[in-house]
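To be precise, the following lines are query.txt, and they hold compact mmCIF, C-alpha atoms.
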# COMPACT_ATOMS: atom_id res chain seq x y z
CA MET E 167 0.00 0.00 0.00
CA ASP E 168 2.73 2.42 1.03
CA VAL E 169 4.68 1.59 -2.10
CA ALA E 170 1.69 2.38 -4.32
CA VAL E 171 1.07 5.65 -2.49
CA PHE E 172 4.75 6.56 -2.88
CA TRP E 173 4.76 5.97 -6.61
CA VAL E 174 1.53 7.86 -7.20
CA LEU E 175 2.65 10.85 -5.14
CA ALA E 176 6.20 10.94 -6.49
CA VAL E 177 5.17 10.67 -10.15
CA LEU E 178 2.37 13.21 -9.66
CA ALA E 179 4.77 15.62 -7.93
CA VAL E 180 7.32 15.54 -10.73
CA VAL E 181 4.77 15.57 -13.58
CA SER E 182 2.73 18.44 -12.18
CA GLY E 183 5.98 20.25 -11.39
CA ALA E 184 6.94 19.98 -15.04
CA MET E 185 3.45 21.04 -16.17
CA VAL E 186 3.90 24.35 -14.28
CA PHE E 187 6.13 25.53 -17.11
CA ARG E 188 3.97 24.06 -19.90
CA PHE E 189 0.60 25.61 -19.11
CA ASP E 190 -0.38 28.86 -20.82
CA SER E 191 -2.84 29.85 -18.13
CA MET E 192 -1.30 31.36 -15.03
CA ALA E 193 -4.03 30.03 -12.77
CA ARG E 194 -3.45 26.53 -14.10
CA ALA E 195 0.31 26.86 -13.60
CA THR E 196 -0.23 27.95 -9.99
CA PHE E 197 -2.55 25.07 -9.21
CA SER E 198 -0.20 22.67 -10.91
CA LEU E 199 2.55 23.89 -8.58
CA LEU E 200 0.11 23.48 -5.68
CA THR E 201 -0.51 19.86 -6.71
CA SER E 202 3.21 19.22 -6.85
CA LEU E 203 3.88 20.70 -3.40
CA LEU E 204 0.86 18.94 -1.88
CA CYS E 205 2.33 15.68 -3.13
CA VAL E 206 5.61 16.61 -1.43
CA GLY E 207 3.63 17.16 1.78
CA GLY E 208 1.98 13.77 1.32
CA LEU E 209 5.36 12.10 0.88
CA VAL E 210 6.61 13.76 4.06
CA VAL E 211 3.57 12.35 5.91
CA LEU E 212 4.32 8.96 4.35
CA LEU E 213 7.82 9.16 5.85
CA GLY E 214 6.31 9.44 9.32
CA LEU E 215 6.48 13.21 9.84
CA ASP E 216 2.78 13.90 10.25
CA TYR E 217 3.07 17.36 11.74
CA LEU E 218 5.56 18.74 9.21
CA GLY E 219 3.63 17.18 6.32
CA ILE E 220 0.41 18.83 7.40
CA VAL E 221 2.24 22.14 7.93
CA ILE E 222 3.56 21.94 4.37
CA VAL E 223 0.10 21.12 2.99
CA LEU E 224 -1.59 24.01 4.82
CA MET E 225 1.18 26.50 4.07
CA MET E 226 1.33 25.66 0.38
CA THR E 227 -2.45 25.89 -0.02
CA ILE E 228 -2.48 29.44 1.34
CA GLU E 229 0.74 30.40 -0.41
CA MET E 230 -0.52 29.30 -3.79
CA ALA E 231 -3.82 31.09 -3.28
CA ILE E 232 -1.84 34.31 -2.71
CA MET E 233 0.46 33.48 -5.59
CA ALA E 234 -2.50 33.06 -7.95
CA VAL E 235 -3.60 36.61 -7.14
CA PHE E 236 -0.10 37.98 -7.82
CA MET E 237 0.19 35.94 -11.00
CA VAL E 238 -2.99 37.45 -12.38
CA MET E 239 -1.76 40.91 -11.31
CA TYR E 240 1.67 40.78 -12.86
CA MET E 241 1.38 38.55 -15.89
CA MET E 242 0.73 39.79 -19.37
CA ASN E 243 -1.38 36.78 -20.20
CA PRO E 244 -3.21 35.79 -17.04
CA ALA E 245 -6.06 33.92 -18.63
CA GLY E 246 -3.93 32.01 -21.09
CA LEU E 247 -6.27 32.84 -23.92
CA MET E 248 -3.47 32.96 -26.46
CA PRO E 249 -0.76 30.37 -26.50
CA MET E 250 2.62 31.95 -25.86
CA THR E 251 6.07 31.05 -24.77
CA MET E 252 7.88 32.95 -22.07
CA MET E 253 11.20 31.20 -22.02
CA HIS E 254 14.74 32.17 -22.80
CA ASN E 255 17.78 30.00 -23.28
CA LYS E 256 15.74 26.82 -23.30
CA ARG E 257 18.40 24.53 -24.70
CA GLY E 258 21.18 25.71 -22.41
CA ALA E 259 18.95 25.36 -19.37
CA ALA E 260 17.86 21.86 -20.42
CA VAL E 261 21.51 20.81 -20.76
CA VAL E 262 22.38 22.29 -17.35
CA CYS E 263 19.42 20.58 -15.68
CA GLY E 264 20.13 17.25 -17.33
CA LEU E 265 23.74 17.40 -16.16
CA VAL E 266 22.72 18.39 -12.62
CA PHE E 267 20.23 15.50 -12.49
CA LEU E 268 22.81 13.01 -13.74
CA LEU E 269 25.30 14.27 -11.17
CA LEU E 270 22.75 14.04 -8.34
CA ALA E 271 21.55 10.61 -9.48
CA ALA E 272 25.12 9.32 -9.66
CA GLY E 273 25.75 10.62 -6.16
CA ILE E 274 22.52 9.08 -4.88
CA LEU E 275 23.14 5.68 -6.45
CA PHE E 276 26.85 5.33 -5.75
CA ALA E 277 27.24 6.99 -2.34
CA PRO E 278 27.74 4.50 0.50
CA TRP E 279 24.71 5.51 2.54
CA PRO E 280 25.05 4.69 6.23
CA ALA E 281 22.70 2.11 7.71
CA ARG E 282 19.70 3.32 9.66
CA ARG E 283 20.81 4.21 13.15
CA GLY E 284 18.42 4.25 16.07
CA LYS E 285 14.63 4.24 15.99
CA SER E 286 12.29 7.18 15.68
CA SER E 287 10.59 8.03 18.91
CA ALA E 288 6.88 7.44 19.26
CA ASP E 289 6.18 11.16 18.86
CA PRO E 290 8.54 12.86 16.37
CA THR E 291 6.65 16.14 16.73
CA MET E 292 7.43 16.28 20.42
CA GLU E 293 11.05 15.57 19.62
CA LEU E 294 11.12 18.40 17.07
CA GLY E 295 9.65 20.81 19.59
CA MET E 296 12.11 19.81 22.31
CA SER E 297 14.97 20.11 19.83
CA LEU E 298 13.92 23.57 18.61
CA MET E 299 13.50 24.81 22.15
CA GLY E 300 16.70 23.12 23.33
CA PRO E 301 19.84 22.30 21.36
CA GLN E 302 18.56 23.94 18.16
CA MET E 303 17.57 27.18 19.86
CA LEU E 304 20.09 29.15 17.78
CA THR E 305 18.40 27.90 14.59
CA MET E 306 15.01 28.92 15.92
CA MET E 307 16.25 32.39 16.89
CA THR E 308 17.89 32.88 13.50
CA LEU E 309 14.68 31.89 11.77
CA GLY E 310 12.73 34.30 13.94
CA MET E 311 15.09 37.17 13.15
CA ALA E 312 14.98 36.31 9.44
CA LEU E 313 11.18 36.33 9.48
CA PHE E 314 11.12 39.67 11.27
CA ALA E 315 13.65 41.16 8.83
CA THR E 316 11.47 39.89 5.98
CA ILE E 317 8.40 41.63 7.37
CA VAL E 318 10.30 44.93 7.57
CA ALA E 319 11.93 44.50 4.15
CA THR E 320 8.69 43.61 2.36
CA VAL E 321 6.89 46.61 3.84
CA VAL E 322 9.77 48.93 2.89
CA LEU E 323 9.92 47.55 -0.65
CA ALA E 324 6.20 47.53 -1.25
CA THR E 325 5.31 50.96 0.14
CA ARG E 326 4.91 53.63 -2.48
CA ARG E 327 5.39 56.65 -0.24
CA GLY E 328 6.80 56.25 3.22
CA ARG E 329 6.99 58.83 5.99
CA TYR E 330 10.35 60.10 4.72
CA ASP E 331 8.76 60.92 1.39
CA ARG E 332 5.96 62.75 3.16
CA LEU E 333 7.82 64.60 5.92
CA GLY E 334 11.39 64.96 4.64
CA ASP E 335 14.55 63.09 5.57
CA ASP E 336 14.56 64.39 9.15
CA LEU E 337 10.78 64.03 9.51
CA ARG E 338 10.55 67.70 10.48
CA ALA E 339 8.47 69.16 7.66
CA ARG E 340 5.57 71.16 9.02
CA ARG E 341 3.37 70.03 6.20
CA ALA E 342 3.23 66.53 4.73
CA ASP E 343 4.09 66.53 1.05
CA ASP E 344 1.14 64.56 -0.26
CA PRO E 345 -0.04 64.41 -3.85
CA VAL E 346 -3.59 64.74 -2.60
CA ARG E 347 -4.41 67.09 0.25
CA GLY E 348 -6.24 65.89 3.29
CA GLY E 349 -5.80 62.98 5.62
CA VAL E 350 -3.52 62.77 8.61
CA GLY E 351 -0.90 65.52 8.88
CA ARG E 352 -2.61 67.97 6.50
CA MET Z 133 10.56 2.21 -0.95
CA THR Z 134 14.19 3.00 -0.36
CA LEU Z 135 16.24 6.04 0.45
CA GLU Z 136 17.52 6.10 -3.13
CA LEU Z 137 14.00 6.25 -4.62
CA PHE Z 138 13.01 9.16 -2.40
CA LEU Z 139 16.23 11.01 -3.15
CA LEU Z 140 15.85 10.39 -6.88
CA SER Z 141 12.36 11.89 -6.92
CA ALA Z 142 13.68 14.81 -4.86
CA ALA Z 143 16.47 15.30 -7.40
CA ALA Z 144 13.92 15.20 -10.23
CA LEU Z 145 11.84 17.88 -8.51
CA PHE Z 146 14.95 19.98 -7.92
CA CYS Z 147 16.00 19.77 -11.56
CA VAL Z 148 12.53 20.59 -12.90
CA GLY Z 149 12.55 23.63 -10.64
CA LEU Z 150 16.04 24.57 -11.79
CA PHE Z 151 14.90 24.37 -15.41
CA GLY Z 152 12.02 26.71 -14.62
CA ALA Z 153 14.23 29.14 -12.71
CA LEU Z 154 16.70 29.28 -15.58
CA THR Z 155 14.25 29.56 -18.47
CA GLN Z 156 11.30 31.61 -17.29
CA GLN Z 157 11.24 35.26 -18.27
CA SER Z 158 8.51 36.29 -15.87
CA ILE Z 159 9.82 36.96 -12.38
CA VAL Z 160 6.80 35.31 -10.75
CA MET Z 161 7.27 32.15 -12.80
CA LEU Z 162 10.95 32.16 -11.88
CA MET Z 163 9.90 32.14 -8.22
CA MET Z 164 7.70 29.12 -8.90
CA GLY Z 165 10.82 27.32 -10.10
CA LEU Z 166 12.60 28.23 -6.87
CA GLU Z 167 9.66 26.87 -4.86
CA LEU Z 168 9.88 23.56 -6.71
CA MET Z 169 13.62 23.37 -5.98
CA LEU Z 170 12.97 23.93 -2.28
CA GLY Z 171 10.24 21.26 -2.43
CA GLY Z 172 12.92 18.84 -3.60
CA VAL Z 173 15.14 19.88 -0.68
CA ILE Z 174 12.28 19.27 1.78
CA LEU Z 175 11.64 15.80 0.37
CA ALA Z 176 15.35 14.91 0.54
CA ALA Z 177 15.60 16.11 4.15
CA ALA Z 178 12.55 14.07 5.17
CA ALA Z 179 13.97 10.97 3.48
CA ALA Z 180 17.35 11.48 5.15
CA TRP Z 181 15.65 11.79 8.54
CA HIS Z 182 13.61 8.64 8.04
CA TYR Z 183 16.24 6.38 6.51
CA ILE Z 184 19.48 7.55 8.13
CA ALA Z 185 19.03 9.20 11.52
CA PRO Z 186 15.46 8.92 12.85
CA ALA Z 187 16.64 9.03 16.45
CA THR Z 188 17.60 12.72 16.36
CA ALA Z 189 15.45 15.63 15.21
CA ASP Z 190 18.11 17.27 13.01
CA GLY Z 191 16.43 16.22 9.77
CA GLN Z 192 13.16 17.71 10.95
CA VAL Z 193 14.90 20.98 11.82
CA LEU Z 194 16.26 21.04 8.26
CA ILE Z 195 12.69 20.75 6.94
CA VAL Z 196 11.57 23.64 9.15
CA LEU Z 197 14.47 25.65 7.75
CA ALA Z 198 13.53 24.86 4.13
CA VAL Z 199 9.85 25.67 4.72
CA THR Z 200 10.83 29.02 6.25
CA ALA Z 201 13.15 29.73 3.33
CA MET Z 202 10.21 29.06 0.98
CA ALA Z 203 7.99 31.54 2.79
CA LEU Z 204 10.72 34.21 2.91
CA GLU Z 205 11.54 33.73 -0.75
CA MET Z 206 7.96 34.26 -1.77
CA ALA Z 207 7.38 37.30 0.43
CA ILE Z 208 10.58 39.06 -0.64
CA GLY Z 209 10.05 38.04 -4.26
CA PHE Z 210 6.60 39.60 -4.43
CA ALA Z 211 7.82 42.74 -2.66
CA VAL Z 212 10.66 43.09 -5.19
CA VAL Z 213 8.29 42.55 -8.11
CA THR Z 214 5.98 45.19 -6.68
CA ALA Z 215 8.84 47.68 -6.23
CA LEU Z 216 10.24 46.93 -9.68
CA PHE Z 217 6.88 47.22 -11.35
CA ARG Z 218 6.19 50.49 -9.59
CA ALA Z 219 9.55 51.97 -10.58
CA ARG Z 220 9.90 50.64 -14.13
CA GLU Z 221 6.64 48.94 -15.18
CA VAL Z 222 8.71 45.81 -15.64
CA ASP Z 223 7.66 42.25 -14.90
CA MET Z 224 10.25 40.31 -16.89
CA THR Z 225 13.81 39.46 -15.99
CA ASP Z 226 15.17 40.51 -19.39
CA MET Z 227 13.74 44.00 -19.00
CA ALA Z 228 15.35 44.53 -15.60
CA ALA Z 229 18.93 44.40 -16.86
CA GLU Z 230 20.17 47.94 -16.14
CA LEU Z 231 23.09 46.59 -14.15
CA LYS Z 232 24.20 44.33 -16.97
CA GLU Z 233 26.56 46.79 -18.66
Could you express the structure from this file as structure tokens?
Amino acid sequence: MDVAVFWVLAVLAVVSGAMVFRFDSMARATFSLLTSLLCVGGLVVLLGLDYLGIVIVLMMTIEMAIMAVFMVMYMMNPAGLMPMTMMHNKRGAAVVCGLVFLLLAAGILFAPWPARRGKSSADPTMELGMSLMGPQMLTMMTLGMALFATIVATVVLATRRGRYDRLGDDLRARRADDPVRGGVGR
Amino acid sequence: MTLELFLLSAAALFCVGLFGALTQQSIVMLMMGLELMLGGVILAAAAAWHYIAPATADGQVLIVLAVTAMALEMAIGFAVVTALFRAREVDMTDMAAELKE
């Protein structure tokens, strides 16, 4: 049973991953990517990591929903009504990817993988939590700082006019320099 | 199911994503390629945890790291596209090549 599930999920993940770059419609490409990443989540559950698998499934569902909105916003052909190609350097990229895959496959097949050591505990989620709050605390803190920096950076990048545009570099302007009068600081 | 099979499918995902990241002209599509590559990394980390060292949680921590990297990549990517589009009305990598010369 597990073997069948593995093959279905693995093949579906790779095929729908490849279809992302074949579809004309942006919505279809996004949902194809969603299918691929959901299959990855399923495979992670199959490996015994229930919590992380479910986290991946939930996160990817929301992420792809947001991505679909951005795709429709920023693409020249959101509906895919006319067939078009948006690729450059296809042949070179195919060669590079083929070589990378061969290299990885050779490493996977010929590396002397160590035998399985130890047994997983009855509750891997508990173990993950204890690890993140214990020996891996530095990792957790780094991730937290990175997430916080991302919040700041995305807001800075995405704002059209910040307070320095409105009130000058030292924030001392008596009047806010707004294109439209009114609002706070008029 | 063996470690090799899982790692091979992870490598396939990684390479499909790499192909997308290298070929796509649209910045948003390029980010989709990066997501696929990170999906391959997640799968490989889970397989390594299960088949090599299930007694420790290090493999799981690696997955948490990759999932966070995915979220950060998408947030920053969309912010950059928004800033770029606002400044230049550009949504393709080839049109954002001012620094090339």
For each of E:Leu204, E:Val171, E:Ile274, E:Val238, take the minimum atom-to-atom distance to chain Z, counting all atoms listed in the file, then give the residue where this is smallest.
E:Ile274
Listing only residues of chain Z within 7 Å of chain E, what is the closest atom pair and its distance in Å (to one decimal) for each, using all atoms listed in the file, sorted by chain and residue number ascending, as JSON lines?
{"residue": "Z:Met133", "atom": "CA", "partner": "E:Val169", "partner_atom": "CA", "distance": 6.0}
{"residue": "Z:Glu136", "atom": "CA", "partner": "E:Ile274", "partner_atom": "CA", "distance": 6.1}
{"residue": "Z:Leu139", "atom": "CA", "partner": "E:Ile274", "partner_atom": "CA", "distance": 6.8}
{"residue": "Z:Leu140", "atom": "CA", "partner": "E:Ala271", "partner_atom": "CA", "distance": 6.3}
{"residue": "Z:Ser141", "atom": "CA", "partner": "E:Ala176", "partner_atom": "CA", "distance": 6.2}
{"residue": "Z:Ala143", "atom": "CA", "partner": "E:Phe267", "partner_atom": "CA", "distance": 6.3}
{"residue": "Z:Ala144", "atom": "CA", "partner": "E:Val180", "partner_atom": "CA", "distance": 6.6}
{"residue": "Z:Leu145", "atom": "CA", "partner": "E:Val180", "partner_atom": "CA", "distance": 5.6}
{"residue": "Z:Cys147", "atom": "CA", "partner": "E:Cys263", "partner_atom": "CA", "distance": 5.4}
{"residue": "Z:Val148", "atom": "CA", "partner": "E:Ala184", "partner_atom": "CA", "distance": 6.0}
{"residue": "Z:Leu150", "atom": "CA", "partner": "E:Cys263", "partner_atom": "CA", "distance": 6.5}
{"residue": "Z:Phe151", "atom": "CA", "partner": "E:Ala259", "partner_atom": "CA", "distance": 5.8}
{"residue": "Z:Gly152", "atom": "CA", "partner": "E:Phe187", "partner_atom": "CA", "distance": 6.5}
{"residue": "Z:Leu154", "atom": "CA", "partner": "E:Ala259", "partner_atom": "CA", "distance": 5.9}
{"residue": "Z:Thr155", "atom": "CA", "partner": "E:Met253", "partner_atom": "CA", "distance": 5.0}
{"residue": "Z:Gln156", "atom": "CA", "partner": "E:Met253", "partner_atom": "CA", "distance": 4.7}
{"residue": "Z:Gln157", "atom": "CA", "partner": "E:Met253", "partner_atom": "CA", "distance": 5.5}
{"residue": "Z:Val160", "atom": "CA", "partner": "E:Met237", "partner_atom": "CA", "distance": 6.6}
{"residue": "Z:Leu168", "atom": "CA", "partner": "E:Gly183", "partner_atom": "CA", "distance": 6.9}
{"residue": "Z:Gly171", "atom": "CA", "partner": "E:Leu203", "partner_atom": "CA", "distance": 6.5}
{"residue": "Z:Leu175", "atom": "CA", "partner": "E:Val206", "partner_atom": "CA", "distance": 6.3}
{"residue": "Z:Ala178", "atom": "CA", "partner": "E:Val210", "partner_atom": "CA", "distance": 6.1}
{"residue": "Z:Ala179", "atom": "CA", "partner": "E:Leu213", "partner_atom": "CA", "distance": 6.8}
{"residue": "Z:His182", "atom": "CA", "partner": "E:Leu213", "partner_atom": "CA", "distance": 6.2}
{"residue": "Z:Tyr183", "atom": "CA", "partner": "E:Arg282", "partner_atom": "CA", "distance": 5.6}
{"residue": "Z:Ile184", "atom": "CA", "partner": "E:Arg282", "partner_atom": "CA", "distance": 4.5}
{"residue": "Z:Ala185", "atom": "CA", "partner": "E:Arg283", "partner_atom": "CA", "distance": 5.5}
{"residue": "Z:Pro186", "atom": "CA", "partner": "E:Ser286", "partner_atom": "CA", "distance": 4.6}
{"residue": "Z:Ala187", "atom": "CA", "partner": "E:Ser286", "partner_atom": "CA", "distance": 4.8}
{"residue": "Z:Ala189", "atom": "CA", "partner": "E:Leu294", "partner_atom": "CA", "distance": 5.5}
{"residue": "Z:Gln192", "atom": "CA", "partner": "E:Leu294", "partner_atom": "CA", "distance": 6.5}
{"residue": "Z:Val193", "atom": "CA", "partner": "E:Leu294", "partner_atom": "CA", "distance": 7.0}
{"residue": "Z:Leu204", "atom": "CA", "partner": "E:Thr316", "partner_atom": "CA", "distance": 6.5}
{"residue": "Z:Ala207", "atom": "CA", "partner": "E:Thr320", "partner_atom": "CA", "distance": 6.7}
{"residue": "Z:Ile208", "atom": "CA", "partner": "E:Thr320", "partner_atom": "CA", "distance": 5.8}
{"residue": "Z:Ala211", "atom": "CA", "partner": "E:Thr320", "partner_atom": "CA", "distance": 5.2}
{"residue": "Z:Val212", "atom": "CA", "partner": "E:Leu323", "partner_atom": "CA", "distance": 6.4}
{"residue": "Z:Thr214", "atom": "CA", "partner": "E:Ala324", "partner_atom": "CA", "distance": 5.9}
{"residue": "Z:Ala215", "atom": "CA", "partner": "E:Ala324", "partner_atom": "CA", "distance": 5.6}
{"residue": "Z:Asp223", "atom": "CA", "partner": "E:Tyr240", "partner_atom": "CA", "distance": 6.5}
As a check of understanding: the span from atom CA of Met303 of chain E to atom CA of Ala201 of chain Z is 17.3 Å
Residue with smallest distance to Ala153 of chain Z - pool Z:Arg220, Z:Ile195, Z:Thr225, Z:Asp190, counting only C-alpha atoms
Z:Thr225
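A straight line drawn from atom CA of Met227 of chain Z to atom CA of Gly209 of chain Z is 16.3 Å long.
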